[in-house]
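Encoded as structure tokens, the structure appears first; notes follow it.
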Amino acid sequence: MENTSKLSDMASFEIRDTDSAKLLICYLLKKMEKLIEAGQLYDIAVGSGIINYFCYNDAIEILLKNETIETITNDSGRECYRDTEKGIIYAKSFRTYVPKSCREKIIRTAVRYFARLKLANEVKIEYIELKKGYHVHFRCLDIGDDLLDMKIFAPDLNQAHFLGEKIMRNPVGFYAKVVENALDNEEEEHNYEEFLDDDDDFSLGEDDDY
């Protein structure tokens with residue numbers, strides 16, 4: 001194993017040794033306390049650039065072989081990973097071998113990853129081409145029903161994507177602002193005095209005709 005000081009120097013880089021990869025995987029599974037699909041774990045660890053591809057594959061193979069982690073099929077029929085009791089003890093006992101910055105990074109990445117998955121099921125964005133421009137179609141769902149269904153016009157596809165990306169950065173906040181603005185919306189007050197001359201008199205007497 002490489003020593004901790006050397007790993008500390010590598011903290012901001014991709015993990016390239018199998019021992020560190022094994023620890024990070026077990027640590028992540030323990031901290032998340034949920035089944036993580038094989039594809040999801042790969043996206044979090046490798047897709048985000050935290051663990052090297054080859055080290056990841058070697059680590060998974062070793063962890064499964066020595067029964068530190070195990071596979072289980074979820075309700076959707078997908079293969080998932082979880083720590084065994086051995087894996088939990090391993091993560092607790094040797095977690096400090098991997099720098100805290102690396103441990104925090106993979107947990108933050110996982111939390112954001114699953115948050116995006118949840119939003120993908122609750123928020124839908126599509127781009128509808130018009131004769132001139134595009135509509136950004138935004139839908140916010142809740143148990144199958146639409147909480148919000150709206151279209152925003154954009155003059156071209158680039159600006160449509162820009163609007164969509166802005167909304168998807170915080171769709172819950174966007175929805176809240178729309179509702180808040182609707183509740184606070186008041187009829188605009190108009191100043192009619194500017195249209196009147198000083199000698200105008202709109203009062204009507206009893207005998208006035210109109």
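By order in the structure tokens, chains are A, B, ...; within a chain, residues start at 1; ligands start at 1, following the order shown.
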Excluding same-chain residues fewer than 4 positions from range 81-92 of chain A, what lies within 8 Å of it counting only C-alpha atoms, as a CSV table (one decimal) with all heavy atoms, in the first residue's frame?
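around-v4.csv, written as the output of this step:
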chain,number,residue,atom,x,y,z
A,23,LEU,N,-11.6,0.8,-0.5
A,23,LEU,CA,-12.0,1.5,0.7
A,23,LEU,C,-13.1,2.5,0.4
A,23,LEU,O,-14.1,2.6,1.1
A,23,LEU,CB,-10.9,2.2,1.4
A,23,LEU,CG,-10.1,1.3,2.5
A,23,LEU,CD1,-8.8,2.0,2.9
A,23,LEU,CD2,-11.0,1.1,3.7
A,24,LEU,N,-12.9,3.3,-0.6
A,24,LEU,CA,-13.9,4.3,-1.0
A,24,LEU,C,-15.2,3.7,-1.4
A,24,LEU,O,-16.3,4.2,-1.0
A,24,LEU,CB,-13.4,5.1,-2.2
A,24,LEU,CG,-12.5,6.3,-1.8
A,24,LEU,CD1,-12.1,7.1,-3.1
A,24,LEU,CD2,-13.2,7.3,-0.9
A,26,CYS,N,-16.5,0.7,-0.3
A,26,CYS,CA,-17.1,0.2,0.9
A,26,CYS,C,-17.6,1.4,1.8
A,26,CYS,O,-18.7,1.3,2.4
A,26,CYS,CB,-16.1,-0.6,1.7
A,26,CYS,SG,-15.8,-2.2,0.9
A,27,TYR,N,-16.8,2.5,1.9
A,27,TYR,CA,-17.2,3.6,2.6
A,27,TYR,C,-18.5,4.3,2.1
A,27,TYR,O,-19.4,4.6,2.8
A,27,TYR,CB,-16.0,4.6,2.6
A,27,TYR,CG,-16.3,5.9,3.4
A,27,TYR,CD1,-16.2,5.9,4.8
A,27,TYR,CD2,-16.7,7.1,2.8
A,27,TYR,CE1,-16.4,7.0,5.6
A,27,TYR,CE2,-16.9,8.2,3.6
A,27,TYR,CZ,-16.8,8.2,4.9
A,27,TYR,OH,-17.1,9.3,5.7
A,29,LEU,N,-20.8,2.8,0.2
A,29,LEU,CA,-22.0,1.9,0.4
A,29,LEU,C,-22.5,2.0,1.9
A,29,LEU,O,-23.7,2.0,2.2
A,29,LEU,CB,-21.6,0.5,0.0
A,29,LEU,CG,-21.4,0.2,-1.4
A,29,LEU,CD1,-20.8,-1.2,-1.7
A,29,LEU,CD2,-22.6,0.5,-2.3
A,30,LYS,N,-21.5,2.1,2.8
A,30,LYS,CA,-21.9,2.1,4.2
A,30,LYS,C,-22.6,3.5,4.5
A,30,LYS,O,-23.6,3.5,5.2
A,30,LYS,CB,-20.6,2.0,5.1
A,30,LYS,CG,-20.9,2.3,6.6
A,30,LYS,CD,-19.6,2.3,7.3
A,30,LYS,CE,-19.8,2.6,8.8
A,30,LYS,NZ,-20.3,4.0,8.9
A,34,LYS,N,-28.1,2.4,1.5
A,34,LYS,CA,-29.1,2.0,0.6
A,34,LYS,C,-28.5,1.1,-0.5
A,34,LYS,O,-27.3,1.1,-0.7
A,34,LYS,CB,-29.7,3.3,-0.1
A,34,LYS,CG,-28.7,4.1,-0.9
A,34,LYS,CD,-29.3,5.4,-1.4
A,34,LYS,CE,-30.4,5.2,-2.4
A,34,LYS,NZ,-30.9,6.5,-3.0
A,35,LEU,N,-29.3,0.4,-1.2
A,35,LEU,CA,-28.9,-0.4,-2.4
A,35,LEU,C,-28.5,0.6,-3.5
A,35,LEU,O,-29.2,1.5,-3.8
A,35,LEU,CB,-29.9,-1.3,-2.9
A,35,LEU,CG,-30.3,-2.5,-2.0
A,35,LEU,CD1,-31.5,-3.3,-2.6
A,35,LEU,CD2,-29.1,-3.4,-1.8
A,36,ILE,N,-27.3,0.4,-4.1
A,36,ILE,CA,-26.9,1.2,-5.2
A,36,ILE,C,-26.7,0.4,-6.4
A,36,ILE,O,-25.9,-0.6,-6.3
A,36,ILE,CB,-25.5,2.0,-4.8
A,36,ILE,CG1,-25.7,2.9,-3.6
A,36,ILE,CG2,-25.1,2.8,-6.0
A,36,ILE,CD1,-24.5,3.7,-3.2
A,37,GLU,N,-27.4,0.7,-7.4
A,37,GLU,CA,-27.3,-0.1,-8.7
A,37,GLU,C,-25.9,-0.1,-9.2
A,37,GLU,O,-25.1,0.9,-9.0
A,37,GLU,CB,-28.3,0.4,-9.7
A,37,GLU,CG,-29.7,0.2,-9.3
A,37,GLU,CD,-30.7,0.8,-10.4
A,37,GLU,OE1,-30.2,1.2,-11.5
A,37,GLU,OE2,-31.9,0.9,-10.1
A,38,ALA,N,-25.5,-1.1,-9.9
A,38,ALA,CA,-24.1,-1.3,-10.4
A,38,ALA,C,-23.8,-0.1,-11.3
A,38,ALA,O,-22.7,0.5,-11.2
A,38,ALA,CB,-24.0,-2.6,-11.2
A,67,GLU,N,-16.0,-11.4,-0.5
A,67,GLU,CA,-17.3,-11.2,0.2
A,67,GLU,C,-17.3,-10.0,1.1
A,67,GLU,O,-18.0,-10.0,2.2
A,67,GLU,CB,-17.7,-12.5,0.9
A,67,GLU,CG,-17.9,-13.7,0.0
A,67,GLU,CD,-18.3,-14.9,0.8
A,67,GLU,OE1,-18.2,-14.9,2.0
A,67,GLU,OE2,-18.8,-15.9,0.1
A,68,THR,N,-16.6,-9.0,0.7
A,68,THR,CA,-16.7,-7.7,1.4
A,68,THR,C,-17.9,-6.9,1.0
A,68,THR,O,-18.5,-6.1,1.8
A,68,THR,CB,-15.4,-6.9,1.2
A,68,THR,OG1,-14.3,-7.7,1.4
A,68,THR,CG2,-15.3,-5.7,2.1
A,69,ILE,N,-18.3,-7.0,-0.2
A,69,ILE,CA,-19.6,-6.5,-0.7
A,69,ILE,C,-20.3,-7.7,-1.4
A,69,ILE,O,-19.7,-8.7,-1.7
A,69,ILE,CB,-19.4,-5.4,-1.7
A,69,ILE,CG1,-18.7,-5.8,-3.0
A,69,ILE,CG2,-18.7,-4.2,-1.1
A,69,ILE,CD1,-18.7,-4.8,-4.1
A,70,GLU,N,-21.6,-7.5,-1.6
A,70,GLU,CA,-22.4,-8.5,-2.3
A,70,GLU,C,-23.4,-7.9,-3.2
A,70,GLU,O,-23.7,-6.7,-3.2
A,70,GLU,CB,-23.2,-9.3,-1.2
A,70,GLU,CG,-24.2,-8.5,-0.4
A,70,GLU,CD,-24.9,-9.4,0.7
A,70,GLU,OE1,-24.6,-10.6,0.7
A,70,GLU,OE2,-25.7,-8.8,1.4
A,71,THR,N,-23.9,-8.7,-4.2
A,71,THR,CA,-24.9,-8.2,-5.1
A,71,THR,C,-26.3,-8.6,-4.7
A,71,THR,O,-26.4,-9.7,-4.1
A,71,THR,CB,-24.6,-8.7,-6.5
A,71,THR,OG1,-24.6,-10.1,-6.6
A,71,THR,CG2,-23.2,-8.1,-7.0
A,72,ILE,N,-27.2,-7.9,-5.0
A,72,ILE,CA,-28.6,-8.2,-4.8
A,72,ILE,C,-29.5,-7.5,-5.8
A,72,ILE,O,-29.1,-6.5,-6.3
A,72,ILE,CB,-29.1,-7.7,-3.3
A,72,ILE,CG1,-30.5,-8.2,-3.0
A,72,ILE,CG2,-29.0,-6.2,-3.2
A,72,ILE,CD1,-30.9,-8.0,-1.6
Exercise for the section: Can you pull out every residue within 9 Å of Met150 in chain A, counting only C-alpha atoms, but drop anything in the same chain fewer than 3 positions away, and send it as JSON, numbers by chain? Expected result: {"A": [136, 137, 138, 139]}
Next, write the just-selected residues to a file, as a short mmCIF file (atom, residue, chain, number, x, y, z; two decimals), in the first residue's frame, keeping C-alpha atoms as the atom set.
data_model
loop_
_atom_site.label_atom_id
_atom_site.label_comp_id
_atom_site.auth_asym_id
_atom_site.auth_seq_id
_atom_site.Cartn_x
_atom_site.Cartn_y
_atom_site.Cartn_z
CA VAL A 136 -39.15 25.44 -23.35
CA HIS A 137 -41.81 23.13 -21.92
CA PHE A 138 -41.39 22.76 -18.15
CA ARG A 139 -43.44 20.29 -16.10
#
Would you write out, as a Markdown table, a table of all residues in range 72-137 of chain A that have an atom no more than 12 Å from an atom of range 40-44 of chain A, listing for each the closest atom pair and the distance in Å to one decimal, considering only C-alpha atoms and ordering rows by chain and rising residue number?
| residue | atom | partner | partner_atom | distance |
| --- | --- | --- | --- | --- |
| A:Arg78 | CA | A:Gln40 | CA | 10.6 |
| A:Glu79 | CA | A:Gln40 | CA | 10.3 |
| A:Cys80 | CA | A:Leu41 | CA | 8.7 |
| A:Tyr81 | CA | A:Leu41 | CA | 8.2 |
| A:Arg82 | CA | A:Leu41 | CA | 10.4 |
| A:Lys105 | CA | A:Ile44 | CA | 10.2 |
| A:Ile106 | CA | A:Ile44 | CA | 7.2 |
| A:Ile107 | CA | A:Ile44 | CA | 9.0 |
| A:Arg108 | CA | A:Ile44 | CA | 9.7 |
| A:Thr109 | CA | A:Ile44 | CA | 6.4 |
| A:Ala110 | CA | A:Ile44 | CA | 5.9 |
| A:Val111 | CA | A:Ile44 | CA | 9.5 |
| A:Arg112 | CA | A:Ile44 | CA | 9.5 |
| A:Tyr113 | CA | A:Ile44 | CA | 7.1 |
| A:Phe114 | CA | A:Gln40 | CA | 8.8 |
| A:Arg116 | CA | A:Gln40 | CA | 11.8 |
| A:Leu117 | CA | A:Gln40 | CA | 10.0 |
Exercise for the section: Quick one: pick out all helix (DSSP H, G or I) residues within chain A from a backbone DSSP run and write them as a ChimeraX atom specification. Expected result: /A:4-9,18-32,38-47,53-65,85-97,100-122,157-169,171-184,193-195
Take the residues that were just selected and, keeping C-alpha atoms, output them as a short mmCIF file (atom, residue, chain, number, x, y, z; two decimals), in the first residue's frame.
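The resulting again00.cif:
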data_model
loop_
_atom_site.label_atom_id
_atom_site.label_comp_id
_atom_site.auth_asym_id
_atom_site.auth_seq_id
_atom_site.Cartn_x
_atom_site.Cartn_y
_atom_site.Cartn_z
CA THR A 4 -1.09 8.13 3.63
CA SER A 5 1.08 11.18 2.98
CA LYS A 6 1.44 10.22 -0.65
CA LEU A 7 -2.29 9.72 -0.95
CA SER A 8 -2.85 13.11 0.63
CA ASP A 9 -0.82 14.66 -2.17
CA THR A 18 -6.87 -0.58 -5.90
CA ASP A 19 -6.67 -0.51 -2.09
CA SER A 20 -7.94 3.08 -1.92
CA ALA A 21 -10.63 2.26 -4.47
CA LYS A 22 -11.83 -0.68 -2.37
CA LEU A 23 -12.04 1.47 0.74
CA LEU A 24 -13.89 4.29 -1.00
CA ILE A 25 -16.45 1.90 -2.46
CA CYS A 26 -17.12 0.24 0.91
CA TYR A 27 -17.19 3.62 2.65
CA LEU A 28 -19.71 4.97 0.13
CA LEU A 29 -21.99 1.93 0.43
CA LYS A 30 -21.87 2.15 4.22
CA LYS A 31 -22.58 5.90 4.39
CA MET A 32 -25.43 5.88 1.86
CA ALA A 38 -24.13 -1.25 -10.42
CA GLY A 39 -24.50 1.41 -13.09
CA GLN A 40 -25.12 4.11 -10.49
CA LEU A 41 -22.02 3.18 -8.50
CA TYR A 42 -19.96 3.27 -11.68
CA ASP A 43 -21.32 6.71 -12.60
CA ILE A 44 -20.55 8.08 -9.14
CA ALA A 45 -17.07 6.60 -8.78
CA VAL A 46 -15.72 6.51 -12.34
CA GLY A 47 -17.99 8.81 -14.32
CA TYR A 53 -11.61 2.90 -14.44
CA PHE A 54 -9.17 -0.01 -14.15
CA CYS A 55 -8.75 0.36 -10.39
CA TYR A 56 -12.52 0.44 -9.99
CA ASN A 57 -13.02 -2.80 -11.92
CA ASP A 58 -10.21 -4.52 -10.01
CA ALA A 59 -11.62 -3.29 -6.68
CA ILE A 60 -15.15 -4.53 -7.42
CA GLU A 61 -13.82 -7.93 -8.49
CA ILE A 62 -11.74 -8.32 -5.30
CA LEU A 63 -14.50 -7.06 -2.99
CA LEU A 64 -17.01 -9.51 -4.45
CA LYS A 65 -14.53 -12.38 -4.39
CA GLU A 85 -20.88 -7.09 7.67
CA LYS A 86 -17.27 -7.61 6.70
CA GLY A 87 -17.44 -4.60 4.40
CA ILE A 88 -18.91 -2.39 7.12
CA ILE A 89 -16.11 -3.31 9.54
CA TYR A 90 -13.54 -2.78 6.77
CA ALA A 91 -14.89 0.71 5.98
CA LYS A 92 -15.00 1.71 9.65
CA SER A 93 -11.58 0.37 10.54
CA PHE A 94 -9.53 1.57 7.57
CA ARG A 95 -11.41 4.63 6.29
CA THR A 96 -8.61 6.98 7.41
CA TYR A 97 -6.25 5.34 4.94
CA LYS A 100 -10.91 12.86 4.25
CA SER A 101 -11.13 15.09 1.17
CA CYS A 102 -11.59 12.01 -1.04
CA ARG A 103 -14.20 10.51 1.26
CA GLU A 104 -16.15 13.75 1.38
CA LYS A 105 -15.90 14.18 -2.39
CA ILE A 106 -17.40 10.78 -3.20
CA ILE A 107 -20.23 11.28 -0.69
CA ARG A 108 -21.03 14.75 -2.06
CA THR A 109 -20.99 13.34 -5.58
CA ALA A 110 -23.35 10.52 -4.59
CA VAL A 111 -25.80 12.85 -2.85
CA ARG A 112 -25.94 15.15 -5.88
CA TYR A 113 -26.23 12.18 -8.23
CA PHE A 114 -29.28 10.76 -6.45
CA ALA A 115 -30.82 14.22 -6.13
CA ARG A 116 -30.57 14.60 -9.90
CA LEU A 117 -32.17 11.19 -10.40
CA LYS A 118 -35.07 12.20 -8.15
CA LEU A 119 -35.52 15.46 -10.04
CA ALA A 120 -35.42 13.63 -13.36
CA ASN A 121 -38.52 11.72 -12.26
CA GLU A 122 -40.29 14.80 -10.91
CA LEU A 157 -32.36 26.48 -29.62
CA ASN A 158 -29.23 27.76 -27.85
CA GLN A 159 -31.25 30.17 -25.73
CA ALA A 160 -33.89 27.49 -25.15
CA HIS A 161 -31.22 25.15 -23.78
CA PHE A 162 -29.80 27.99 -21.68
CA LEU A 163 -33.23 28.59 -20.10
CA GLY A 164 -33.74 24.87 -19.54
CA GLU A 165 -30.35 24.47 -17.87
CA LYS A 166 -31.03 27.46 -15.62
CA ILE A 167 -34.36 25.97 -14.55
CA MET A 168 -32.86 22.54 -13.92
CA ARG A 169 -30.18 23.97 -11.62
CA PRO A 171 -36.33 23.40 -10.38
CA VAL A 172 -37.91 23.37 -6.92
CA GLY A 173 -36.77 26.95 -6.36
CA PHE A 174 -38.08 27.94 -9.80
CA TYR A 175 -41.47 26.42 -9.01
CA ALA A 176 -41.56 28.17 -5.63
CA LYS A 177 -40.77 31.54 -7.23
CA VAL A 178 -43.53 31.13 -9.81
CA VAL A 179 -46.07 30.36 -7.09
CA GLU A 180 -44.77 33.16 -4.85
CA ASN A 181 -44.98 35.72 -7.67
CA ALA A 182 -48.49 34.57 -8.53
CA LEU A 183 -49.64 34.97 -4.91
CA ASP A 184 -48.00 38.39 -4.58
CA GLU A 193 -54.20 62.48 -13.68
CA GLU A 194 -51.61 62.87 -16.42
CA PHE A 195 -54.39 62.51 -19.00
#
Exercise for the section: Report the distance between CA of Ile152 in chain A and CA of Lys124 in chain A in Å, rounded to one decimal place. Expected result: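 Interatomic distance here is 13.6 Å.
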Practice task
Tell me, as a PyMOL selection string, which residues lie within 6 Å of range 130-135 of chain A, counting only C-alpha atoms; anything in the same chain fewer than 2 positions away does not count.
Solution key: chain A and resi 127-128+137+151-156
Exercise for the section: Could you give me, as a list in words, each residue of range 71-124 of chain A that DSSP assigns to strand (DSSP E) when run on this structure's backbone? Expected result: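 Listing strand (DSSP E) positions across range 71-124 of chain A yields Thr71, Ile72, Thr73, Glu79, Cys80, Tyr81, Arg82, Asp83, Val123 and Lys124 of chain A.
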Practice task
Give me, please, the distance in Å between CA of Glu33 in chain A and CA of Asn74 in chain A, quoted to one decimal.
Solution key: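 Computed distance, CA of Glu33 in chain A to CA of Asn74 in chain A, equals 14.4 Å.
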Practice task
State, in Å with one decimal place, the distance from CA of Asp75 in chain A to CA of Asp146 in chain A.
Solution key: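 Computed distance, CA of Asp75 in chain A to CA of Asp146 in chain A, equals 26.0 Å.
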